[in-house]
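Source file: model-v3.cif; contents: mmCIF, C-alpha atoms.
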data_query
#
loop_
_atom_site.label_atom_id
_atom_site.label_comp_id
_atom_site.auth_asym_id
_atom_site.auth_seq_id
_atom_site.Cartn_x
_atom_site.Cartn_y
_atom_site.Cartn_z
CA MET F 1 -35.94 -31.72 10.81
CA GLY F 2 -33.94 -29.19 12.81
CA PHE F 3 -30.70 -30.33 11.22
CA ARG F 4 -32.04 -30.03 7.67
CA ASN F 5 -33.32 -26.51 8.35
CA LEU F 6 -29.97 -25.56 9.78
CA GLY F 7 -28.34 -26.78 6.58
CA LEU F 8 -30.76 -24.69 4.49
CA LEU F 9 -30.19 -21.68 6.70
CA GLY F 10 -26.48 -22.12 6.33
CA SER F 11 -26.69 -22.16 2.55
CA PHE F 12 -28.95 -19.09 2.55
CA ALA F 13 -26.52 -17.28 4.78
CA LYS F 14 -23.62 -18.24 2.53
CA GLU F 15 -25.49 -17.08 -0.57
CA GLY F 16 -26.47 -13.85 1.15
CA LEU F 17 -22.88 -13.22 2.18
CA GLU F 18 -21.62 -13.86 -1.33
CA LYS F 19 -24.13 -11.45 -2.79
CA ALA F 20 -23.19 -8.89 -0.16
CA PHE F 21 -19.56 -9.28 -1.15
CA SER F 22 -20.37 -8.81 -4.83
CA LEU F 23 -22.35 -5.72 -3.94
CA GLY F 24 -19.46 -4.48 -1.86
CA LYS F 25 -16.99 -5.04 -4.69
CA PHE F 26 -19.30 -3.25 -7.10
CA PHE F 27 -19.64 -0.36 -4.70
CA CYS F 28 -15.87 -0.11 -4.31
CA PHE F 29 -15.50 -0.02 -8.10
CA LEU F 30 -18.18 2.69 -8.39
CA HIS F 31 -16.55 4.67 -5.65
CA VAL F 32 -13.09 4.59 -7.19
CA THR F 33 -14.53 5.67 -10.55
CA ASP F 34 -16.46 8.40 -8.77
CA THR F 35 -13.44 9.69 -6.93
CA TYR F 36 -10.85 9.55 -9.64
CA LEU F 37 -12.65 9.61 -12.96
CA VAL F 38 -16.19 10.70 -13.59
CA THR F 39 -19.46 11.02 -11.70
CA PHE F 40 -23.01 12.24 -12.11
CA VAL F 41 -23.74 15.70 -10.77
CA VAL F 42 -27.19 17.25 -10.34
CA THR F 43 -27.42 21.02 -10.11
CA SER F 44 -30.34 23.27 -9.26
CA GLY F 45 -30.80 26.96 -8.62
CA PRO F 46 -30.63 30.25 -10.50
CA SER F 47 -27.04 31.31 -9.90
CA MET F 48 -25.66 30.05 -13.23
CA LEU F 49 -28.41 31.36 -15.55
CA PRO F 50 -28.47 31.47 -18.53
CA THR F 51 -25.75 28.81 -18.86
CA ILE F 52 -27.46 26.34 -16.54
CA ASP F 53 -31.24 26.38 -16.05
CA LEU F 54 -32.61 26.59 -12.54
CA ILE F 55 -34.46 23.26 -12.79
CA PRO F 56 -32.50 20.19 -11.61
CA THR F 57 -30.01 19.46 -14.38
CA MET F 58 -27.72 16.45 -14.54
CA PHE F 59 -24.12 16.62 -15.70
CA LEU F 60 -21.07 14.42 -15.88
CA GLY F 61 -18.23 15.78 -13.80
CA GLU F 62 -14.65 14.61 -14.00
CA ARG F 63 -11.86 14.74 -11.46
CA ILE F 64 -8.82 14.19 -13.67
CA SER F 65 -8.30 17.86 -14.58
CA THR F 66 -8.88 18.99 -11.02
CA ARG F 67 -6.37 16.51 -9.62
CA PHE F 68 -3.69 17.49 -12.13
CA GLY F 69 -4.33 21.19 -11.80
CA LYS F 70 -5.54 21.50 -15.39
CA VAL F 71 -8.73 23.44 -14.75
CA THR F 72 -8.63 26.95 -16.18
CA ARG F 73 -10.58 30.16 -16.38
CA GLY F 74 -14.02 29.61 -17.87
CA ASP F 75 -14.48 26.06 -16.60
CA ILE F 76 -17.58 25.37 -14.58
CA VAL F 77 -16.68 23.44 -11.46
CA ILE F 78 -18.32 21.85 -8.45
CA ILE F 79 -16.67 23.29 -5.37
CA ARG F 80 -17.25 22.72 -1.67
CA SER F 81 -18.69 25.87 -0.11
CA PRO F 82 -16.27 27.73 2.19
CA GLN F 83 -19.26 28.88 4.23
CA ASN F 84 -20.80 25.44 4.79
CA PRO F 85 -18.61 22.38 4.26
CA ARG F 86 -21.66 20.19 3.70
CA LYS F 87 -22.77 22.15 0.63
CA LEU F 88 -21.46 21.80 -2.89
CA ILE F 89 -21.89 24.69 -5.30
CA ALA F 90 -21.58 24.93 -9.09
CA LYS F 91 -19.81 28.07 -10.28
CA ARG F 92 -17.59 29.31 -13.08
CA LEU F 93 -13.86 29.80 -12.50
CA ALA F 94 -13.35 33.49 -13.18
CA GLY F 95 -9.77 33.75 -11.95
CA MET F 96 -6.84 31.45 -11.15
CA GLU F 97 -4.02 32.17 -8.68
CA ASP F 98 -2.05 35.36 -9.35
CA ASP F 99 -4.77 36.69 -11.68
CA THR F 100 -6.04 40.21 -11.24
CA VAL F 101 -9.84 40.06 -11.10
CA THR F 102 -12.01 43.13 -11.62
CA TYR F 103 -15.57 42.61 -10.52
CA ILE F 104 -18.74 44.48 -9.74
CA SER F 105 -19.86 43.58 -6.23
CA ASN F 106 -23.34 45.01 -6.71
CA PRO F 107 -24.87 44.65 -10.20
CA ASP F 108 -27.27 47.54 -9.45
CA GLU F 109 -24.25 49.87 -9.35
CA PRO F 110 -22.25 48.83 -12.41
CA ASP F 111 -19.77 51.69 -12.03
CA LYS F 112 -18.45 50.60 -8.65
CA GLN F 113 -15.75 48.14 -9.70
CA GLU F 114 -13.30 46.44 -7.37
CA THR F 115 -10.02 44.82 -8.25
CA ILE F 116 -8.29 42.01 -6.39
CA VAL F 117 -5.31 39.74 -6.96
CA VAL F 118 -6.10 36.08 -6.38
CA PRO F 119 -3.70 34.65 -3.75
CA LYS F 120 -1.53 31.58 -4.38
CA GLY F 121 -3.37 28.29 -4.15
CA HIS F 122 -6.75 30.02 -4.51
CA VAL F 123 -9.31 30.57 -7.25
CA TRP F 124 -12.01 33.18 -7.84
CA ILE F 125 -15.44 31.81 -8.64
CA GLN F 126 -18.50 33.63 -9.92
CA GLY F 127 -21.97 32.57 -10.93
CA ASP F 128 -23.08 33.68 -14.40
CA ASN F 129 -26.20 35.24 -12.88
CA ALA F 130 -24.65 38.23 -11.16
CA TYR F 131 -27.93 39.20 -9.47
CA LYS F 132 -28.55 35.94 -7.70
CA SER F 133 -25.23 34.31 -7.01
CA ASN F 134 -23.43 33.87 -3.71
CA ASP F 135 -19.83 33.55 -4.84
CA SER F 136 -16.34 34.98 -4.46
CA ARG F 137 -17.73 38.50 -4.62
CA ASN F 138 -19.28 37.67 -1.24
CA PHE F 139 -16.83 35.29 0.40
CA GLY F 140 -13.57 36.03 -1.40
CA ALA F 141 -11.14 33.74 -3.15
CA VAL F 142 -11.44 30.06 -2.24
CA PRO F 143 -8.59 27.53 -1.88
CA TYR F 144 -8.09 25.34 -4.94
CA GLY F 145 -8.28 22.26 -2.68
CA LEU F 146 -12.05 22.71 -2.37
CA ILE F 147 -12.67 22.05 -6.08
CA GLN F 148 -14.36 18.67 -6.50
CA HIS F 149 -15.27 18.14 -10.17
CA ARG F 150 -15.21 19.90 -13.52
CA LEU F 151 -18.46 19.70 -15.49
CA PHE F 152 -17.90 18.63 -19.08
CA TRP F 153 -21.08 16.95 -20.36
CA ARG F 154 -24.72 17.77 -19.89
CA VAL F 155 -26.89 14.66 -19.50
CA TRP F 156 -30.41 15.85 -18.57
CA PRO F 157 -32.74 17.43 -19.74
CA ILE F 158 -32.42 15.51 -22.97
CA LYS F 159 -32.63 18.59 -25.18
CA GLY F 160 -29.43 19.88 -23.65
CA PHE F 161 -27.58 16.55 -23.93
CA GLY F 162 -24.07 17.02 -25.22
CA PRO F 163 -20.65 18.49 -24.54
CA PHE F 164 -20.46 21.26 -22.01
CA TRP F 165 -17.29 23.12 -22.90
CA LYS F 166 -16.60 26.80 -22.37
CA HIS F 167 -19.72 28.83 -22.96
CA MET O 1 3.61 -24.37 -33.82
CA GLY O 2 2.14 -20.92 -34.26
CA PHE O 3 -1.30 -22.12 -33.19
CA ARG O 4 -0.03 -23.76 -29.99
CA ASN O 5 1.86 -20.61 -29.00
CA LEU O 6 -1.26 -18.58 -29.60
CA GLY O 7 -3.17 -20.84 -27.22
CA LEU O 8 -0.46 -20.45 -24.56
CA LEU O 9 -0.45 -16.70 -25.08
CA GLY O 10 -4.22 -16.66 -24.69
CA SER O 11 -4.08 -18.48 -21.37
CA PHE O 12 -1.30 -16.21 -20.10
CA ALA O 13 -3.35 -13.19 -21.08
CA LYS O 14 -6.41 -14.59 -19.37
CA GLU O 15 -4.45 -15.31 -16.18
CA GLY O 16 -2.86 -11.89 -16.30
CA LEU O 17 -6.25 -10.25 -16.71
CA GLU O 18 -7.72 -12.23 -13.79
CA LYS O 19 -4.85 -11.22 -11.55
CA ALA O 20 -5.21 -7.62 -12.68
CA PHE O 21 -8.90 -7.77 -11.77
CA SER O 22 -8.14 -9.18 -8.32
CA LEU O 23 -5.59 -6.45 -7.81
CA GLY O 24 -8.13 -3.91 -8.99
CA LYS O 25 -10.77 -5.19 -6.56
CA PHE O 26 -8.28 -5.12 -3.71
CA PHE O 27 -7.28 -1.58 -4.61
CA CYS O 28 -10.94 -0.50 -4.67
CA PHE O 29 -11.43 -1.97 -1.19
CA LEU O 30 -8.30 -0.25 0.10
CA HIS O 31 -9.41 3.02 -1.42
CA VAL O 32 -12.87 2.93 0.11
CA THR O 33 -11.39 2.17 3.53
CA ASP O 34 -8.90 4.95 3.00
CA THR O 35 -11.53 7.48 2.02
CA TYR O 36 -14.21 6.71 4.55
CA LEU O 37 -12.56 5.02 7.50
CA VAL O 38 -8.89 5.04 8.36
CA THR O 39 -5.56 5.48 6.63
CA PHE O 40 -1.83 5.67 7.31
CA VAL O 41 -0.39 9.15 7.52
CA VAL O 42 3.32 10.02 7.60
CA THR O 43 4.31 13.42 8.96
CA SER O 44 7.68 15.17 8.96
CA GLY O 45 8.89 18.62 9.89
CA PRO O 46 9.30 20.78 12.99
CA SER O 47 6.02 22.69 13.06
CA MET O 48 4.30 20.46 15.63
CA LEU O 49 7.18 20.09 18.13
CA PRO O 50 7.14 18.92 20.87
CA THR O 51 3.94 16.98 20.21
CA ILE O 52 5.19 15.42 16.98
CA ASP O 53 8.90 14.92 16.34
CA LEU O 54 10.43 16.30 13.19
CA ILE O 55 11.55 12.86 11.92
CA PRO O 56 9.06 11.04 9.70
CA THR O 57 6.36 9.72 12.04
CA MET O 58 3.50 7.44 11.04
CA PHE O 59 -0.05 7.80 12.36
CA PHE O 60 -3.50 6.43 11.80
CA GLY O 61 -5.84 9.09 10.54
CA GLU O 62 -9.61 8.67 10.42
CA ARG O 63 -12.21 10.40 8.34
CA ILE O 64 -15.39 9.60 10.26
CA SER O 65 -15.20 12.56 12.65
CA THR O 66 -14.26 14.93 9.87
CA ARG O 67 -17.16 13.82 7.69
CA PHE O 68 -19.70 14.19 10.50
CA GLY O 69 -18.30 17.49 11.72
CA LYS O 70 -17.21 16.02 15.05
CA VAL O 71 -13.66 17.38 15.12
CA THR O 72 -13.13 19.92 17.89
CA CYS O 73 -10.53 22.30 19.32
CA GLY O 74 -7.39 20.47 20.27
CA ASP O 75 -7.59 17.77 17.60
CA ILE O 76 -4.61 17.36 15.32
CA VAL O 77 -5.76 17.13 11.74
CA ILE O 78 -4.35 16.66 8.26
CA ILE O 79 -5.55 19.56 6.16
CA ARG O 80 -4.95 20.48 2.53
CA SER O 81 -2.87 23.65 2.35
CA PRO O 82 -4.78 26.74 1.16
CA GLN O 83 -1.55 28.02 -0.36
CA ASN O 84 -0.69 24.90 -2.36
CA PRO O 85 -3.46 22.37 -3.07
CA ARG O 86 -0.92 19.59 -3.59
CA LYS O 87 0.43 19.86 -0.05
CA LEU O 88 -1.07 18.35 3.09
CA LEU O 89 -0.28 19.85 6.48
CA ALA O 90 -0.56 18.43 9.99
CA LYS O 91 -1.72 21.11 12.44
CA ARG O 92 -3.77 21.48 15.60
CA LEU O 93 -7.30 22.86 15.46
CA VAL O 94 -7.20 25.87 17.72
CA GLY O 95 -10.52 27.47 16.82
CA MET O 96 -13.79 26.33 15.25
CA GLU O 97 -16.31 28.56 13.48
CA ASP O 98 -17.62 31.51 15.52
CA ASP O 99 -14.78 31.14 18.04
CA THR O 100 -12.78 34.18 19.07
CA VAL O 101 -9.10 33.37 18.70
CA THR O 102 -6.36 35.44 20.32
CA TYR O 103 -2.93 34.75 18.93
CA ILE O 104 0.57 36.10 18.82
CA SER O 105 1.59 36.55 15.19
CA ASN O 106 5.29 36.92 16.05
CA PRO O 107 6.59 34.83 19.00
CA ASP O 108 9.54 37.23 19.36
CA GLU O 109 7.06 39.95 20.40
CA PRO O 110 4.78 38.16 22.88
CA ASP O 111 2.95 41.34 23.82
CA LYS O 112 1.56 42.04 20.37
CA GLN O 113 -1.61 39.96 20.46
CA GLU O 114 -4.27 39.90 17.78
CA THR O 115 -7.85 38.75 18.07
CA ILE O 116 -10.04 37.38 15.32
CA VAL O 117 -13.43 35.71 15.02
CA VAL O 118 -13.37 32.55 12.94
CA PRO O 119 -15.90 32.89 10.07
CA LYS O 120 -18.67 30.35 9.46
CA GLY O 121 -17.53 27.17 7.77
CA HIS O 122 -13.89 27.87 8.66
CA VAL O 123 -11.36 26.70 11.25
CA TRP O 124 -8.23 28.21 12.76
CA ILE O 125 -5.16 25.98 12.72
CA GLN O 126 -1.84 26.45 14.47
CA GLY O 127 1.30 24.38 14.79
CA ASP O 128 2.47 23.68 18.35
CA ASN O 129 5.89 25.09 17.45
CA ALA O 130 5.05 28.79 17.22
CA TYR O 131 8.51 29.69 15.92
CA LYS O 132 8.53 27.42 12.91
CA SER O 133 4.98 26.91 11.77
CA ASN O 134 3.25 28.26 8.69
CA ASP O 135 -0.36 28.23 9.77
CA SER O 136 -3.50 30.35 10.19
CA ARG O 137 -1.41 33.13 11.75
CA ASN O 138 0.04 33.51 8.25
CA PHE O 139 -2.77 32.58 5.89
CA GLY O 140 -5.86 33.13 8.01
CA ALA O 141 -8.78 30.84 8.77
CA VAL O 142 -9.19 27.94 6.38
CA PRO O 143 -12.46 26.39 5.14
CA TYR O 144 -13.53 23.27 7.01
CA GLY O 145 -13.85 21.45 3.68
CA LEU O 146 -10.07 21.23 3.42
CA ILE O 147 -9.74 18.95 6.46
CA GLN O 148 -8.81 15.45 5.34
CA HIS O 149 -8.16 13.27 8.42
CA ARG O 150 -7.98 13.43 12.18
CA LEU O 151 -4.91 11.77 13.73
CA PHE O 152 -5.84 9.44 16.56
CA TRP O 153 -3.10 6.77 16.88
CA ARG O 154 0.67 6.98 16.61
CA VAL O 155 2.19 3.95 14.86
CA TRP O 156 5.90 4.69 14.30
CA PRO O 157 8.46 5.13 15.91
CA ILE O 158 7.60 2.14 18.09
CA LYS O 159 8.36 3.89 21.36
CA GLY O 160 5.54 6.33 20.65
CA PHE O 161 3.05 3.64 19.63
CA GLY O 162 -0.35 4.20 21.16
CA PRO O 163 -3.38 6.49 21.35
CA PHE O 164 -2.89 10.04 20.20
CA TRP O 165 -5.68 11.91 21.96
CA LYS O 166 -5.61 15.54 23.05
CA HIS O 167 -2.14 16.51 24.26
#

Please, can you express the file's structure as structure tokens?
Amino acid sequence: MGFRNLGLLGSFAKEGLEKAFSLGKFFCFLHVTDTYLVTFVVTSGPSMLPTIDLIPTMFLGERISTRFGKVTRGDIVIIRSPQNPRKLIAKRLAGMEDDTVTYISNPDEPDKQETIVVPKGHVWIQGDNAYKSNDSRNFGAVPYGLIQHRLFWRVWPIKGFGPFWKH
Amino acid sequence: MGFRNLGLLGSFAKEGLEKAFSLGKFFCFLHVTDTYLVTFVVTSGPSMLPTIDLIPTMFFGERISTRFGKVTCGDIVIIRSPQNPRKLLAKRLVGMEDDTVTYISNPDEPDKQETIVVPKGHVWIQGDNAYKSNDSRNFGAVPYGLIQHRLFWRVWPIKGFGPFWKH
């Protein structure tokens, strides 16, 4: 009886290992797609109103433009926060390298404008909601290397489903 | 004759596709290992003399410490350049966030020291070769999110093979 159970156990183990391998292969495929092509992104928060609602909203984000340096002014990107490397933030690219950006640091004083030239290899990001956005007006230009994805398609909520080009 | 060739073509195509799939699965596995665990890194250039020779040198770089925030002062890391997002640099971490770093911006004038506090979410990197290194003394503190790998094992040249801990 012991020998028969051992045989059964062996075949269970083999089946389990095979399924684990399939799962592993599937995960690898997902991960490569996620890193190089396209991934789901969920945003939340008020800093991109009215373009993006503050409720959790799901988008498709792609990494092809970011890798080839094809993102431009007006694109909405997911970028790793320079203040906390564990946080990802969704902001609009307001200036590329060598651009001259004129911004209002405090929206309650619209006359106090400041101008800055974006250094090489950096970008200037701003949230559409100037009153409630922690962005380059606070922490300065950020290195291009922190950009993760470019949002190009809104998935959820359903009523907003569709292309998400320049707004 | 046409029909038989079509059958042969079909089986070649099928075999080609299967091999392409196997190659694809292998690439996915390599990529996941590369992104999350360990990868080969080749460095060249004089900015880390005498620790790293200027000839092309191969290392193992790991991403586990970087992902969990466990890199510390003294580690040698591969970091994406804030000046050019397509370039990777190998430098030593000299200061973590909230550290006070005192440095000499020009090694020809060793008395002119400058002090700076590293902002939150940033690190201060310097090459061991103060005369020929483009690092934080030039472009300031860099966001932690740009760190890619931590070098921990020297692979090539053979005479240097072995652990690459704090030097």

For segment 16-27 of chain O, please output as a VMD selection string all residues within 8 Å (counting all atoms listed in the file; exclusion window: fewer than 5 positions along the same chain). chain F and resid 25 28 to 29

Using the chain letters and numbering of this document, enumerate as a PyMOL selection string the residues selected by the PyMOL selection byres ((chain F) within 12 of (chain O)). chain F and resi 21-36+66-69+79-88+97-98+118-123+139-148

Just say which residues the PyMOL selection byres ((chain O and resi 131) around 10) picks in this file, as an MDAnalysis selection string. chainID O and resid 46:47 49 105:108 127:130 132:134

Could those residues be written to a file, using C-alpha atoms, as a compact mmCIF listing (two decimals), keeping the file's coordinate frame?
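This went into result_12.txt:
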# COMPACT_ATOMS: atom_id res chain seq x y z
CA PRO O 46 9.30 20.78 12.99
CA SER O 47 6.02 22.69 13.06
CA LEU O 49 7.18 20.09 18.13
CA SER O 105 1.59 36.55 15.19
CA ASN O 106 5.29 36.92 16.05
CA PRO O 107 6.59 34.83 19.00
CA ASP O 108 9.54 37.23 19.36
CA GLY O 127 1.30 24.38 14.79
CA ASP O 128 2.47 23.68 18.35
CA ASN O 129 5.89 25.09 17.45
CA ALA O 130 5.05 28.79 17.22
CA LYS O 132 8.53 27.42 12.91
CA SER O 133 4.98 26.91 11.77
CA ASN O 134 3.25 28.26 8.69

Provide the atom CA of Arg92 of chain F to atom CA of Thr66 of chain O distance in Å, to one decimal place. 27.3 Å

One number please: atom CA of Ile64 of chain F to atom CA of Tyr36 of chain O, in Å, one decimal. 20.4 Å

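The interatomic distance for the pair atom CA of Leu37 of chain O and atom CA of Phe59 of chain O works out to 13.7 Å.
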